[in-house]
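Quick notes on the structure that follows.
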Amino acid sequence: VTDGQAHRADPTAIGLVGAGHMASGIAGRLAAGGRLVRVYDSDPESASTLAGAHTEVEAHPLEAVLAASIVILAIRYPGTLEFARDHADELAETVLVDISTPLDDTYEHLVLAPGTSGAEELAKVAPAARVVKAFNTNLAVTLPAANLDGIQLDTFVASDDPDAKAVVIAALAGSGLRALDAGRLANSRVLEAMAAFGIELGDRYGLGQAFGFKYLPSRPLTPAAS
Ligand SMILES: NC(=O)c1ccc[n+]([C@@H]2O[C@H](COP(=O)([O-])OP(=O)(O)OC[C@H]3O[C@@H](n4cnc5c(N)ncnc54)[C@H](OP(=O)(O)O)[C@@H]3O)[C@@H](O)[C@H]2O)c1
């Protein structure tokens, strides 16, 4: 848009970098919860197409997207690291959401050694950002419905910054996904392995990517006081 003033002035708008498969699904869920989304893609046409699908989503220049207090990186690893290095200053203090599952070209193996994760590598190159892991166990094809076989899908939210994690969980209220506190950022190692394992099972059972994860019980859960 040429007139982005309304969104720029709205501190609750969420920034989305990338307008591909996951961005489309996430934008739809956030829009369902009434959140405003500013999207940027290196291909302006992709961003415009995504913006055209939801009244709550607008295509903006990168500068306006990075001005949001929550920025979701809907791009692939290791492009996430390159992006964070290039924009380290703008991302300082930003709640930066990593959704990556760092898979190799075959989509069968994680490219990182077991002792780290895409989210932790992102935190290393963007130490001033408040890195949060979310959405990576959700498959893009499942996000438009947010449930599978009538069961609401979970999304697992992990971070070493409890306030940043709470901000992301709150942003998902009304989205149709059940957001669960998945603990510290290092749990991203588990979340990334879960996604890779899900893809392996999906291939074995001919599901493709039409699968999801549910932590039982399925009722709304509240963290116990610690
Ligand atoms: N697909 C899934 O179901 C799924 C599930 C869980 C997690 N994930 C994770 O979600 C992330 C996105 O995956 P995806 O499947 O949505 O990928 P995708 O469809 O390829 O979308 C990525 C989009 O971001 C754009 N892009 C790349 N680098 C950019 C940059 N520096 N600035 C702005 N835009 C940029 C790409 O443009 P170009 O094509 O021109 O590069 C593309 O339009 C990945 O980290 C993936 O591991 C995916």
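By convention here, the chains of the structure tokens are called A, B, ... in the order presented, each chain's residues are numbered starting at 1, and ligands are numbered starting at 1 in the order presented.
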Expected selection as number ranges by chain for ligand 1 within 7 Å, only C-alpha atoms and all ligand atoms: A: 17-23, 40-43, 46, 74-77, 79, 83, 99-103, 135-141, 209
Please write the residues from the selection above to a file, keeping C-alpha atoms, as a PDB file, in the first residue's frame.
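Output saved as out25.pdb:
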ATOM      1  CA  VAL A  17       8.673 -11.457   6.408  1.00  0.00           C
ATOM      2  CA  GLY A  18       8.002 -13.792   3.483  1.00  0.00           C
ATOM      3  CA  ALA A  19       4.673 -14.366   1.746  1.00  0.00           C
ATOM      4  CA  GLY A  20       4.971 -18.050   0.874  1.00  0.00           C
ATOM      5  CA  HIS A  21       3.083 -21.128   2.038  1.00  0.00           C
ATOM      6  CA  MET A  22       3.557 -20.711   5.788  1.00  0.00           C
ATOM      7  CA  ALA A  23       3.118 -16.954   5.710  1.00  0.00           C
ATOM      8  CA  TYR A  40       6.824  -8.049   3.065  1.00  0.00           C
ATOM      9  CA  ASP A  41       8.286 -10.428   0.493  1.00  0.00           C
ATOM     10  CA  SER A  42      11.292  -9.993  -1.763  1.00  0.00           C
ATOM     11  CA  ASP A  43       8.732 -10.529  -4.535  1.00  0.00           C
ATOM     12  CA  SER A  46       3.626 -12.456  -3.595  1.00  0.00           C
ATOM     13  CA  ALA A  74       8.426 -16.930   7.389  1.00  0.00           C
ATOM     14  CA  ILE A  75      11.518 -17.745   5.353  1.00  0.00           C
ATOM     15  CA  ARG A  76      13.825 -20.739   5.195  1.00  0.00           C
ATOM     16  CA  TYR A  77      16.888 -21.570   7.255  1.00  0.00           C
ATOM     17  CA  GLY A  79      18.141 -17.458   5.035  1.00  0.00           C
ATOM     18  CA  PHE A  83      18.213 -11.820   7.220  1.00  0.00           C
ATOM     19  CA  ILE A  99       9.179 -20.881  12.345  1.00  0.00           C
ATOM     20  CA  SER A 100      11.894 -22.832  10.585  1.00  0.00           C
ATOM     21  CA  THR A 101      12.495 -26.539  10.360  1.00  0.00           C
ATOM     22  CA  PRO A 102      16.029 -26.628   8.937  1.00  0.00           C
ATOM     23  CA  LEU A 103      15.711 -29.536   6.513  1.00  0.00           C
ATOM     24  CA  PHE A 135       4.489 -22.656  14.233  1.00  0.00           C
ATOM     25  CA  ASN A 136       7.185 -25.020  12.937  1.00  0.00           C
ATOM     26  CA  THR A 137       5.204 -28.154  13.856  1.00  0.00           C
ATOM     27  CA  ASN A 138       2.213 -26.786  11.927  1.00  0.00           C
ATOM     28  CA  LEU A 139       2.127 -27.626   8.253  1.00  0.00           C
ATOM     29  CA  ALA A 140       1.068 -24.930   5.824  1.00  0.00           C
ATOM     30  CA  VAL A 141      -1.674 -27.090   4.308  1.00  0.00           C
ATOM     31  CA  GLN A 209       1.990 -32.776   4.714  1.00  0.00           C
TER      32      GLN A 209
END
Residues near range 117-133 of chain A, cut-off 9 Å, only C-alpha atoms, skip fewer than 2 positions along chain, as an MDAnalysis selection string: chainID A and resid 77:78 80:82 84:85 87:89 91:102 112:115 135:136 156:161 164:165 168 182 185:192
Members of range 13-152 of chain A assigned strand (DSSP E) by DSSP, as a ChimeraX atom specification: /A:14-17,37-40,57-59,70-73,95-98,130-133,147-148,151-152
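Checking A:Glu108, A:Ala13, A:Gly25, A:Gly34 one by one against Leu201 in chain A, counting only C-alpha atoms, you find the shortest gap at A:Glu108.
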Helix (DSSP H, G or I) call set, DSSP backbone run, range 20-165 of chain A, as a ChimeraX atom specification: /A:21-32,44-53,62-66,79-86,88-91,118-125,140-142,162-165
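Proximity of A:Arg184, A:Gly15, A:Val111, A:Thr222 to Leu62 in chain A, computed with only C-alpha atoms, is greatest for A:Gly15.
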Near-Glu63 in chain A list (10 Å; only C-alpha atoms; drop same-chain fewer than 2 positions) as a PyMOL selection string: chain A and resi 40+60-61+65-68+87+90
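Interatomic distance, CA of Ala51 in chain A to CA of Ala170 in chain A: 22.8 Å.
The interatomic distance for the pair CA of Arg29 in chain A and CA of Leu216 in chain A works out to 21.7 Å.
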Using only C-alpha atoms: which of A:Ser69, A:Ser218, A:Ser24, A:Thr116 has the shortest distance to Leu143 in chain A: A:Ser24
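Shortest atom-to-atom contact with Ala53 in chain A among A:Leu148, A:Ile70, A:Leu221, A:Ala31: A:Ala31, counting only C-alpha atoms.
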